[in-house]
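Novice: Dropping in upload_36.cif, which is mmCIF, C-alpha atoms:
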```
data_work
loop_
_atom_site.label_atom_id
_atom_site.label_comp_id
_atom_site.auth_asym_id
_atom_site.auth_seq_id
_atom_site.Cartn_x
_atom_site.Cartn_y
_atom_site.Cartn_z
CA MET O 906 -156.29 -109.60 84.78
CA GLU O 907 -158.13 -112.33 86.64
CA ASP O 908 -159.18 -113.94 83.35
CA ASP O 909 -155.58 -113.80 82.11
CA ASN O 910 -154.39 -115.56 85.27
CA LYS O 911 -157.02 -118.25 84.81
CA HIS O 912 -155.92 -118.67 81.18
CA ILE O 913 -152.26 -119.00 82.18
CA GLY O 914 -153.20 -121.54 84.87
CA MET O 915 -155.15 -123.58 82.34
CA GLU O 916 -152.17 -123.56 79.96
CA ARG O 917 -149.89 -124.78 82.72
CA THR O 918 -152.36 -127.53 83.57
CA VAL O 919 -152.61 -128.65 79.94
CA LYS O 920 -148.84 -128.62 79.49
CA ALA O 921 -148.26 -130.52 82.69
CA GLY O 922 -150.85 -133.17 81.82
CA PRO O 923 -148.77 -135.35 79.45
CA ARG O 924 -145.76 -135.09 81.76
CA ASN O 925 -147.84 -136.23 84.74
CA LYS O 926 -149.32 -139.03 82.65
CA ALA O 927 -145.86 -140.21 81.58
CA THR O 928 -144.67 -140.09 85.18
CA SER O 929 -147.71 -142.05 86.30
CA GLU O 930 -147.18 -144.71 83.62
CA SER O 931 -143.50 -144.96 84.55
CA TRP O 932 -144.42 -145.40 88.20
CA VAL O 933 -146.92 -148.16 87.33
CA LYS O 934 -144.30 -150.03 85.28
CA THR O 935 -141.75 -149.69 88.08
CA ARG O 936 -144.26 -150.95 90.61
CA ARG O 937 -145.13 -153.95 88.44
CA ALA O 938 -141.44 -154.81 88.06
CA GLY O 939 -141.01 -154.56 91.81
CA ASN O 940 -144.02 -156.81 92.37
CA PHE O 941 -142.53 -159.41 90.03
CA PHE O 942 -139.36 -159.65 92.12
CA LEU O 943 -141.47 -160.14 95.26
CA ARG O 944 -143.44 -163.07 93.86
CA THR O 945 -142.84 -166.51 95.26
CA LEU O 946 -140.78 -169.00 93.27
CA PRO O 947 -141.02 -172.29 95.22
CA GLN O 948 -138.12 -174.71 94.87
CA ASP O 949 -138.91 -178.43 94.79
CA GLY O 950 -135.38 -179.55 95.73
CA LYS O 951 -135.06 -181.62 92.53
CA GLY O 952 -132.67 -179.29 90.74
CA ASN O 953 -129.80 -181.16 89.09
CA TRP O 954 -126.70 -179.10 89.76
CA MET O 955 -124.51 -181.44 87.70
CA VAL O 956 -126.56 -180.49 84.63
CA SER O 957 -126.41 -176.81 85.64
CA GLY O 958 -122.64 -177.10 86.01
CA LEU O 959 -122.26 -178.69 82.58
CA LEU O 960 -124.43 -175.97 81.08
CA ALA O 961 -122.40 -173.20 82.77
CA GLY O 962 -119.12 -174.79 81.68
CA GLY O 963 -120.40 -175.19 78.14
CA ILE O 964 -121.41 -171.53 77.93
CA VAL O 965 -118.02 -170.38 79.27
CA PHE O 966 -116.17 -172.61 76.81
CA PHE O 967 -118.27 -171.38 73.89
CA ILE O 968 -117.78 -167.70 74.74
CA LEU O 969 -114.03 -167.95 75.37
CA PHE O 970 -113.17 -170.23 72.45
CA PHE O 971 -115.25 -168.49 69.78
CA PHE O 972 -115.42 -164.84 70.93
CA ARG O 973 -112.15 -164.61 72.93
CA PRO O 974 -112.95 -161.62 75.20
CA PHE O 975 -110.70 -160.07 77.91
CA GLY O 976 -107.74 -159.78 75.48
CA LEU O 977 -107.64 -163.52 74.68
CA SER O 978 -107.76 -162.73 70.96
CA THR O 979 -104.01 -162.00 71.10
CA TYR O 980 -103.14 -165.20 73.01
CA PRO O 981 -100.73 -167.27 70.86
CA GLY O 982 -101.18 -170.56 72.74
CA ASN O 983 -103.74 -173.34 72.57
CA MET O 984 -107.10 -171.64 73.12
CA PHE O 985 -108.92 -174.98 73.26
CA VAL O 986 -107.01 -176.02 76.38
CA VAL O 987 -107.35 -172.59 78.00
CA SER O 988 -111.10 -172.49 77.33
CA LEU O 989 -111.43 -176.03 78.67
CA ILE O 990 -109.66 -175.04 81.91
CA TYR O 991 -111.98 -172.08 82.49
CA ALA O 992 -114.99 -174.24 81.62
CA GLY O 993 -113.87 -176.87 84.12
CA VAL O 994 -113.49 -174.25 86.84
CA SER O 995 -116.99 -172.93 86.10
CA PHE O 996 -118.41 -176.47 86.25
CA VAL O 997 -116.82 -177.25 89.64
CA LEU O 998 -117.83 -173.89 91.13
CA THR O 999 -121.44 -174.22 89.95
CA VAL O 1000 -121.87 -177.69 91.41
CA ALA O 1001 -120.19 -176.71 94.69
CA TYR O 1002 -122.25 -173.52 94.93
CA GLY O 1003 -125.46 -175.44 94.37
CA TRP O 1004 -124.80 -177.94 97.15
CA LEU O 1005 -122.99 -175.76 99.68
CA VAL O 1006 -124.74 -172.39 99.26
CA PHE O 1007 -127.95 -172.52 97.24
CA LYS O 1008 -129.66 -175.56 98.78
CA PRO O 1009 -128.97 -174.53 102.43
CA TRP O 1010 -130.14 -171.01 101.59
CA VAL O 1011 -133.41 -172.33 100.15
CA ARG O 1012 -133.99 -174.54 103.21
CA HIS O 1013 -133.58 -171.62 105.62
CA ALA O 1014 -135.57 -169.06 103.60
CA LEU O 1015 -139.14 -168.68 104.85
CA SER O 1016 -140.41 -168.00 101.34
CA TRP O 1017 -138.16 -168.25 98.29
CA ARG O 1018 -138.95 -165.37 95.95
CA VAL O 1019 -137.90 -164.18 92.51
CA TRP O 1020 -135.39 -161.70 93.97
CA HIS O 1021 -133.75 -164.53 95.94
CA GLN O 1022 -133.24 -166.42 92.68
CA CYS O 1023 -131.78 -163.38 90.91
CA VAL O 1024 -129.38 -162.57 93.75
CA SER O 1025 -128.25 -166.20 94.02
CA ILE O 1026 -127.40 -166.37 90.31
CA LEU O 1027 -125.55 -163.04 90.39
CA LEU O 1028 -123.56 -164.23 93.42
CA LEU O 1029 -122.59 -167.38 91.54
CA LEU O 1030 -121.49 -165.34 88.52
CA SER O 1031 -119.43 -163.03 90.75
CA LEU O 1032 -117.79 -166.03 92.42
CA VAL O 1033 -116.94 -167.54 89.03
CA SER O 1034 -115.41 -164.25 87.87
CA ILE O 1035 -113.21 -163.93 90.97
CA VAL O 1036 -111.94 -167.51 90.76
CA ASN O 1037 -111.33 -167.15 87.03
CA LEU O 1038 -109.22 -164.07 87.81
CA VAL O 1039 -107.07 -166.27 90.04
CA VAL O 1040 -106.82 -168.82 87.21
CA ASP O 1041 -105.85 -166.00 84.88
CA MET O 1042 -103.02 -165.02 87.25
CA ILE O 1043 -101.74 -168.60 87.32
CA LEU O 1044 -101.97 -169.24 83.57
CA PHE O 1045 -100.67 -165.91 82.35
CA LYS O 1046 -98.57 -164.93 85.39
CA SER O 1047 -100.39 -161.64 85.68
CA THR O 1048 -100.48 -159.49 88.78
CA LEU O 1049 -103.49 -158.89 90.99
CA SER O 1050 -104.91 -155.40 91.37
CA LEU O 1051 -108.13 -153.97 92.69
CA PHE O 1052 -108.79 -152.47 89.27
CA ARG O 1053 -108.53 -155.85 87.54
CA LEU O 1054 -110.70 -157.46 90.22
CA PHE O 1055 -113.33 -154.78 89.82
CA ALA O 1056 -113.15 -155.04 86.00
CA TYR O 1057 -113.68 -158.83 86.12
CA VAL O 1058 -116.64 -158.63 88.50
CA TYR O 1059 -118.16 -155.63 86.74
CA ALA O 1060 -117.97 -157.27 83.29
CA THR O 1061 -119.38 -160.54 84.63
CA VAL O 1062 -122.28 -158.90 86.46
CA LEU O 1063 -123.01 -156.56 83.55
CA ILE O 1064 -123.25 -159.52 81.18
CA GLY O 1065 -124.94 -161.66 83.82
CA ILE O 1066 -127.88 -159.33 84.60
CA PRO O 1067 -129.78 -159.93 81.31
CA ILE O 1068 -128.82 -163.62 81.43
CA THR O 1069 -130.09 -163.86 85.02
CA LEU O 1070 -133.38 -162.12 84.26
CA THR O 1071 -133.91 -164.36 81.24
CA ILE O 1072 -133.20 -167.55 83.21
CA VAL O 1073 -135.47 -166.53 86.09
CA ALA O 1074 -138.30 -165.43 83.77
CA LEU O 1075 -138.13 -168.72 81.85
CA ASP O 1076 -138.06 -170.68 85.11
CA TYR O 1077 -141.06 -168.73 86.39
CA GLN O 1078 -143.04 -169.41 83.21
CA LYS O 1079 -142.07 -173.10 83.32
CA ARG O 1080 -143.43 -173.41 86.85
CA LEU O 1081 -146.54 -171.48 85.82
CA ARG O 1082 -147.20 -173.95 82.99
CA SER O 1083 -146.69 -176.81 85.43
CA ARG O 1084 -149.31 -175.31 87.76
CA LEU O 1085 -151.72 -174.88 84.87
CA ALA O 1086 -151.23 -178.55 83.95
CA THR O 1087 -152.16 -179.44 87.51
CA LEU O 1088 -155.42 -177.55 87.11
CA LEU O 1089 -156.37 -179.69 84.13
CA GLN O 1090 -156.13 -182.94 86.10
CA LYS O 1091 -159.80 -183.83 86.54
CA ASP O 1092 -161.54 -186.18 88.97
CA THR O 1093 -164.99 -186.59 87.43
CA THR O 1094 -165.83 -189.81 89.27
CA ALA O 1095 -166.30 -187.94 92.57
CA GLN O 1096 -169.18 -185.89 91.08
CA ALA O 1097 -170.84 -188.67 89.11
CA GLY O 1098 -174.46 -189.32 90.15
CA ARG O 1099 -174.55 -186.40 92.59
CA THR O 1100 -176.91 -183.44 92.40
CA ILE O 1101 -176.54 -179.93 93.70
CA THR O 1102 -179.22 -177.43 94.72
CA PHE O 1103 -178.61 -173.69 94.66
CA HIS O 1104 -181.10 -171.82 96.82
CA ASP O 1105 -182.88 -168.67 95.68
CA THR O 1106 -183.71 -166.20 98.48
CA SER O 1107 -186.25 -164.19 96.50
CA VAL O 1108 -189.99 -164.32 97.23
CA ARG O 1109 -190.58 -166.89 94.50
CA SER O 1110 -187.79 -169.08 95.97
CA ASP O 1111 -187.03 -170.66 92.61
CA ASP O 1112 -184.21 -173.02 93.60
CA LEU O 1113 -182.03 -174.61 90.94
CA THR O 1114 -181.20 -178.33 91.12
CA LEU O 1115 -178.86 -179.94 88.60
CA PRO O 1116 -176.26 -182.72 88.31
CA MET O 1117 -173.07 -181.58 90.01
CA ALA O 1118 -171.01 -182.68 87.01
CA ASP O 1119 -172.97 -180.22 84.82
CA PHE O 1120 -172.21 -177.17 86.96
CA LEU O 1121 -169.62 -174.94 85.29
CA TYR O 1122 -169.21 -171.72 87.25
CA ALA O 1123 -171.05 -168.92 89.05
CA GLU O 1124 -170.62 -165.17 88.72
CA ALA O 1125 -171.79 -162.62 91.29
CA GLN O 1126 -173.82 -159.69 89.96
CA LYS O 1127 -174.54 -157.31 92.85
CA ASN O 1128 -177.48 -158.94 94.71
CA PHE O 1129 -177.73 -161.83 92.26
CA VAL O 1130 -175.60 -164.75 91.12
CA ASP O 1131 -175.58 -166.14 87.59
CA ILE O 1132 -175.26 -169.94 87.56
CA TYR O 1133 -173.77 -171.43 84.37
CA PHE O 1134 -174.30 -175.13 83.65
CA LEU O 1135 -174.53 -177.68 80.87
CA HIS O 1136 -177.90 -178.76 79.53
CA ASP O 1137 -178.08 -181.20 76.57
CA GLY O 1138 -174.48 -180.33 75.73
CA HIS O 1139 -175.07 -176.56 75.64
CA VAL O 1140 -174.15 -173.88 78.16
CA GLU O 1141 -177.15 -172.28 79.86
CA HIS O 1142 -177.49 -170.00 82.84
CA ARG O 1143 -180.00 -169.00 85.52
CA GLN O 1144 -179.93 -165.94 87.72
CA LEU O 1145 -180.69 -166.44 91.41
CA ARG O 1146 -181.06 -163.95 94.20
CA ALA O 1147 -178.18 -165.15 96.37
CA THR O 1148 -174.64 -164.38 97.41
CA LEU O 1149 -171.49 -166.04 96.13
CA ALA O 1150 -170.79 -167.30 99.64
CA SER O 1151 -174.17 -169.04 99.85
CA VAL O 1152 -173.64 -170.61 96.42
CA LEU O 1153 -170.25 -171.91 97.52
CA THR O 1154 -171.88 -173.36 100.65
CA ASP O 1155 -174.59 -175.03 98.56
CA ALA O 1156 -171.94 -176.55 96.30
CA SER O 1157 -169.90 -178.00 99.16
CA ASP O 1158 -167.54 -180.04 96.95
CA LYS O 1159 -163.75 -180.20 96.92
CA SER O 1160 -163.63 -179.51 93.16
CA ILE O 1161 -165.64 -176.28 93.37
CA PHE O 1162 -163.42 -173.36 94.22
CA GLN O 1163 -163.68 -169.58 94.58
CA CYS O 1164 -161.07 -168.23 92.17
CA HIS O 1165 -162.05 -164.56 92.19
CA ARG O 1166 -164.09 -162.30 94.43
CA SER O 1167 -166.91 -162.57 91.86
CA PHE O 1168 -166.44 -166.14 90.56
CA ILE O 1169 -166.49 -169.75 91.68
CA VAL O 1170 -165.63 -172.55 89.26
CA ASN O 1171 -165.96 -176.31 88.93
CA LEU O 1172 -162.35 -177.42 88.43
CA ASN O 1173 -163.54 -180.62 86.73
CA GLN O 1174 -165.03 -178.53 83.92
CA ILE O 1175 -161.86 -176.66 82.94
CA ARG O 1176 -161.17 -177.19 79.25
CA SER O 1177 -158.00 -175.11 79.01
CA ALA O 1178 -155.97 -172.72 81.11
CA HIS O 1179 -153.76 -169.81 80.20
CA GLY O 1180 -151.92 -167.47 82.45
CA ASN O 1181 -149.10 -165.12 83.27
CA SER O 1182 -147.64 -163.59 86.40
CA ASN O 1183 -150.88 -161.66 87.03
CA GLY O 1184 -153.19 -164.68 87.19
CA TYR O 1185 -154.93 -167.35 85.13
CA GLN O 1186 -157.75 -167.50 82.59
CA LEU O 1187 -159.82 -170.70 82.72
CA THR O 1188 -161.97 -171.76 79.78
CA VAL O 1189 -164.98 -173.80 80.90
CA GLY O 1190 -167.91 -175.34 79.02
CA ASP O 1191 -166.98 -173.89 75.63
CA GLU O 1192 -164.58 -171.33 74.23
CA HIS O 1193 -167.00 -168.47 74.94
CA HIS O 1194 -166.91 -168.82 78.72
CA VAL O 1195 -163.71 -167.70 80.44
CA VAL O 1196 -163.32 -167.46 84.20
CA PRO O 1197 -160.52 -165.34 85.71
CA VAL O 1198 -158.31 -166.41 88.59
CA SER O 1199 -157.12 -163.22 90.24
CA ARG O 1200 -153.55 -163.06 91.49
CA SER O 1201 -154.65 -162.92 95.11
CA TYR O 1202 -156.29 -166.35 94.71
CA VAL O 1203 -153.46 -168.06 92.79
CA ALA O 1204 -151.54 -169.27 95.85
CA LYS O 1205 -154.75 -170.58 97.42
CA LEU O 1206 -155.63 -172.38 94.18
CA ARG O 1207 -152.20 -174.05 94.03
CA SER O 1208 -152.64 -175.44 97.54
CA PHE O 1209 -156.28 -176.31 96.80
CA VAL O 1210 -155.44 -178.54 93.81
CA GLY O 1211 -152.19 -179.83 95.34
#
```
Show me, as structure tokens, the structure contained in the file I just sent.
Specialist:
Amino acid sequence: MEDDNKHIGMERTVKAGPRNKATSESWVKTRRAGNFFLRTLPQDGKGNWMVSGLLAGGIVFFILFFFRPFGLSTYPGNMFVVSLIYAGVSFVLTVAYGWLVFKPWVRHALSWRVWHQCVSILLLLSLVSIVNLVVDMILFKSTLSLFRLFAYVYATVLIGIPITLTIVALDYQKRLRSRLATLLQKDTTAQAGRTITFHDTSVRSDDLTLPMADFLYAEAQKNFVDIYFLHDGHVEHRQLRATLASVLTDASDKSIFQCHRSFIVNLNQIRSAHGNSNGYQLTVGDEHHVVPVSRSYVAKLRSFVG
């Protein structure tokens, strides 16, 4: 009997395994999505709300004139004029919202994040839908009801959610590419003619001295640090008994930065940079040497190079 109970317990465990794994994966995805909405999305104050208004008006005109939703397909009048009126309303509301709501909101927010951007766009879309309902009442002499109001807002928000997420994601990636471009701005003159000595704390005390401009990056390996540098145009490395903190102290240069708990990098030696919302990948020396920038160091790196 005891063996049978053990067998049944094992079966339950096996059967529950995939379910628990699926639940765990779902939780990880949900957590990642939540982390994305909490990420900072700094605003530089240079947004052109006239252009945004023209874009919003153009989209409204295109949708109404060519697709004719909300029963407009049966309208016998001039659809060009009607679509133009709605587009004009959307243009005015977008520009006014940008200056009277969005910009003051950004100024007073301690840290503008992705969720702020999403909520602000959805609020604008809801405002446009409500005002367009009023325009609809004027043009078509229709009556106002809570059902119609809810239907307008619901349809607008339902359509606006994927549009909002797409706009915010594209904006986030655009700013990410801009930050990566900043990383590639080199200042090699500051390191020209200077040397750097990395101290080895082992018994042999085999210190490493090299031109600062040839230093690429360092990687911590438990009680040792691997130093990567250029020699006759090729990447070489030496292992020293040291800590990453001591190597960073030896470097003592504004272009040498700790980008990961196990890496420091010479920003003047970055050949290319790639990244996403989780961090950056920096190629240094040649295509075979890639240094990670962990997400926890990204904000510090932006301020470091800025």
Novice: Expanded to explicit residues, what is the PyMOL selection byres ((chain O and resi 1198) around 9) for this file, as number ranges by chain?
Specialist: O: 1163-1165, 1168, 1180, 1183-1187, 1196-1197, 1199-1203, 1206
Novice: Of the candidates O:Ile1101, O:Ile1068, O:Ile1043, O:Val1108, which shows the shortest atom-to-atom distance to O:Leu1153, using only C-alpha atoms?
Specialist: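 Closest residue, counting only C-alpha atoms: O:Ile1101.
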Novice: Atom CA of O:Phe996 and atom CA of O:Leu977 are how many Å apart?
Specialist: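 So the two atoms, atom CA of O:Phe996 and atom CA of O:Leu977, lie 20.4 Å apart.
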Novice: Here is a test: counting only C-alpha atoms, which residue of O:Ala1123, O:Val1040, O:Met955, O:Leu1135 is nearest to O:Val987?
Specialist: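 Between O:Ala1123, O:Val1040, O:Met955, O:Leu1135, the residue approaching O:Val987 most closely is O:Val1040.
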Novice: Just give me the residues with any atom within 7 Å of (-163.5, -173.7, 92.5), file coordinates, counting only C-alpha atoms, written as a compact mmCIF listing (two decimals) with C-alpha atoms, keeping the file's coordinate frame.
Specialist:
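Output contents, as saved in out_9.txt:
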```
# COMPACT_ATOMS: atom_id res chain seq x y z
CA SER O 1160 -163.63 -179.51 93.16
CA ILE O 1161 -165.64 -176.28 93.37
CA PHE O 1162 -163.42 -173.36 94.22
CA GLN O 1163 -163.68 -169.58 94.58
CA CYS O 1164 -161.07 -168.23 92.17
CA ILE O 1169 -166.49 -169.75 91.68
CA VAL O 1170 -165.63 -172.55 89.26
CA ASN O 1171 -165.96 -176.31 88.93
CA LEU O 1172 -162.35 -177.42 88.43
```
Novice: Which is closest to O:Ile1132 among O:Ile964, O:Val1152, O:Ala1118, O:Ile990, if we use only C-alpha atoms?
Specialist: O:Val1152
Novice: Report as a PDB file with C-alpha atoms, in the frame of the given file all protein, DNA and RNA residues lying within 10 Å of O:Ala1001, evaluated on all atoms listed in the file, omitting residues in the same chain fewer than 4 positions from it.
Specialist:
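result-v1.pdb written:
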```pdb
ATOM      1  CA  TRP O 954    -126.700-179.100  89.760  1.00  0.00           C
ATOM      2  CA  MET O 955    -124.510-181.440  87.700  1.00  0.00           C
ATOM      3  CA  GLY O 958    -122.640-177.100  86.010  1.00  0.00           C
ATOM      4  CA  SER O 995    -116.990-172.930  86.100  1.00  0.00           C
ATOM      5  CA  PHE O 996    -118.410-176.470  86.250  1.00  0.00           C
ATOM      6  CA  VAL O 997    -116.820-177.250  89.640  1.00  0.00           C
ATOM      7  CA  LEU O1005    -122.990-175.760  99.680  1.00  0.00           C
ATOM      8  CA  VAL O1006    -124.740-172.390  99.260  1.00  0.00           C
ATOM      9  CA  PHE O1007    -127.950-172.520  97.240  1.00  0.00           C
TER      10      PHE O1007
END
```
Novice: Quick one: pull the distance between atom CA of O:His1194 and atom CA of O:Leu1115, Å, one decimal.
Specialist: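 Answer for the atom CA of O:His1194 to atom CA of O:Leu1115 separation: 19.1 Å.
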Novice: Assuming the chain letters and numbering stay as they are in my file, what does the PyMOL selection byres ((chain O and resi 1103) around 8) actually select? List them as a compact mmCIF listing (two decimals) with C-alpha atoms, keeping the file's coordinate frame.
Specialist:
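Full text of part_3.txt as output:
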```
# COMPACT_ATOMS: atom_id res chain seq x y z
CA ILE O 1101 -176.54 -179.93 93.70
CA THR O 1102 -179.22 -177.43 94.72
CA HIS O 1104 -181.10 -171.82 96.82
CA ASP O 1105 -182.88 -168.67 95.68
CA ASP O 1112 -184.21 -173.02 93.60
CA LEU O 1113 -182.03 -174.61 90.94
CA THR O 1114 -181.20 -178.33 91.12
CA VAL O 1152 -173.64 -170.61 96.42
CA ASP O 1155 -174.59 -175.03 98.56
CA ALA O 1156 -171.94 -176.55 96.30
```
Novice: Quick one: distance from atom CA of O:Leu1032 to atom CA of O:Gly962 in Å, one decimal?
Specialist: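 Here the two named atoms are 13.9 Å from each other.
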Novice: With distances taken over all atoms listed in the file, which of O:Leu959, O:Tyr1077, O:Asn1128, O:Phe1134 is nearest to O:Ala1150?
Specialist: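 With all atoms listed in the file as the atom set, the closest residue is O:Asn1128.
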Novice: Rank O:Phe975, O:Leu1121, O:Ser1107, O:Tyr1133 by their smallest atom-to-atom distance to O:Thr1148, using all atoms listed in the file, and report the top residue only.
Specialist: O:Ser1107
Novice: Name the residues that the PyMOL selection byres ((chain O and resi 1174) around 9) picks from the file above, as a list of chain:residue names, using the file's chain letters and numbers.
Specialist: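 Given this file, the PyMOL selection byres ((chain O and resi 1174) around 9) evaluates to O:Leu1089, O:Lys1091, O:Thr1093, O:Ala1118, O:Asp1119, O:Phe1120, O:Leu1121, O:Tyr1122, O:Val1170, O:Asn1171, O:Leu1172, O:Asn1173, O:Ile1175, O:Arg1176, O:Thr1188, O:Val1189, O:Gly1190.
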Novice: Okay, now the selection with C-alpha atoms, as a PDB file, keeping the file's coordinate frame?
Specialist:
```pdb
ATOM      1  CA  LEU O1089    -156.370-179.690  84.130  1.00  0.00           C
ATOM      2  CA  LYS O1091    -159.800-183.830  86.540  1.00  0.00           C
ATOM      3  CA  THR O1093    -164.990-186.590  87.430  1.00  0.00           C
ATOM      4  CA  ALA O1118    -171.010-182.680  87.010  1.00  0.00           C
ATOM      5  CA  ASP O1119    -172.970-180.220  84.820  1.00  0.00           C
ATOM      6  CA  PHE O1120    -172.210-177.170  86.960  1.00  0.00           C
ATOM      7  CA  LEU O1121    -169.620-174.940  85.290  1.00  0.00           C
ATOM      8  CA  TYR O1122    -169.210-171.720  87.250  1.00  0.00           C
ATOM      9  CA  VAL O1170    -165.630-172.550  89.260  1.00  0.00           C
ATOM     10  CA  ASN O1171    -165.960-176.310  88.930  1.00  0.00           C
ATOM     11  CA  LEU O1172    -162.350-177.420  88.430  1.00  0.00           C
ATOM     12  CA  ASN O1173    -163.540-180.620  86.730  1.00  0.00           C
ATOM     13  CA  ILE O1175    -161.860-176.660  82.940  1.00  0.00           C
ATOM     14  CA  ARG O1176    -161.170-177.190  79.250  1.00  0.00           C
ATOM     15  CA  THR O1188    -161.970-171.760  79.780  1.00  0.00           C
ATOM     16  CA  VAL O1189    -164.980-173.800  80.900  1.00  0.00           C
ATOM     17  CA  GLY O1190    -167.910-175.340  79.020  1.00  0.00           C
TER      18      GLY O1190
END
```
Novice: Of the candidates O:Arg1109, O:His1179, O:Gln1022, O:Thr1100, which shows the shortest atom-to-atom distance to O:Ile1072, using all atoms listed in the file?
Specialist: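 Comparing O:Arg1109, O:His1179, O:Gln1022, O:Thr1100 against O:Ile1072, the winner is O:Gln1022.
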Novice: Within 12 Å of O:Thr1071, counting all atoms listed in the file, which residues qualify if same-chain residues fewer than 4 places away don't, as an MDAnalysis selection string?
Specialist: chainID O and resid 1019 1022:1023 1026 1064:1067 1075:1078
Novice: Give me, as JSON lines, each residue of stretch 934-1042 of chain O that comes within 12 Å of stretch 1048-1057 of chain O, together with its shortest interatomic pair and the distance in Å at one decimal, counting only C-alpha atoms, with rows ordered by chain and rising residue number.
Specialist:
```
{"residue": "O:Pro974", "atom": "CA", "partner": "O:Tyr1057", "partner_atom": "CA", "distance": 11.3}
{"residue": "O:Phe975", "atom": "CA", "partner": "O:Tyr1057", "partner_atom": "CA", "distance": 8.8}
{"residue": "O:Leu1030", "atom": "CA", "partner": "O:Tyr1057", "partner_atom": "CA", "distance": 10.4}
{"residue": "O:Ser1031", "atom": "CA", "partner": "O:Tyr1057", "partner_atom": "CA", "distance": 8.5}
{"residue": "O:Leu1032", "atom": "CA", "partner": "O:Tyr1057", "partner_atom": "CA", "distance": 10.4}
{"residue": "O:Val1033", "atom": "CA", "partner": "O:Tyr1057", "partner_atom": "CA", "distance": 9.7}
{"residue": "O:Ser1034", "atom": "CA", "partner": "O:Tyr1057", "partner_atom": "CA", "distance": 6.0}
{"residue": "O:Ile1035", "atom": "CA", "partner": "O:Leu1054", "partner_atom": "CA", "distance": 7.0}
{"residue": "O:Val1036", "atom": "CA", "partner": "O:Tyr1057", "partner_atom": "CA", "distance": 10.0}
{"residue": "O:Asn1037", "atom": "CA", "partner": "O:Tyr1057", "partner_atom": "CA", "distance": 8.7}
{"residue": "O:Leu1038", "atom": "CA", "partner": "O:Tyr1057", "partner_atom": "CA", "distance": 7.1}
{"residue": "O:Val1039", "atom": "CA", "partner": "O:Leu1049", "partner_atom": "CA", "distance": 8.3}
{"residue": "O:Val1040", "atom": "CA", "partner": "O:Leu1049", "partner_atom": "CA", "distance": 11.1}
{"residue": "O:Asp1041", "atom": "CA", "partner": "O:Thr1048", "partner_atom": "CA", "distance": 9.3}
{"residue": "O:Met1042", "atom": "CA", "partner": "O:Thr1048", "partner_atom": "CA", "distance": 6.3}
```
Novice: Give me, as number ranges by chain, all polymer residues having an atom no more than 6 Å from O:Glu1124, counting all atoms listed in the file and skipping those fewer than 3 positions away in the same chain.
Specialist: O: 1130-1131, 1167-1168
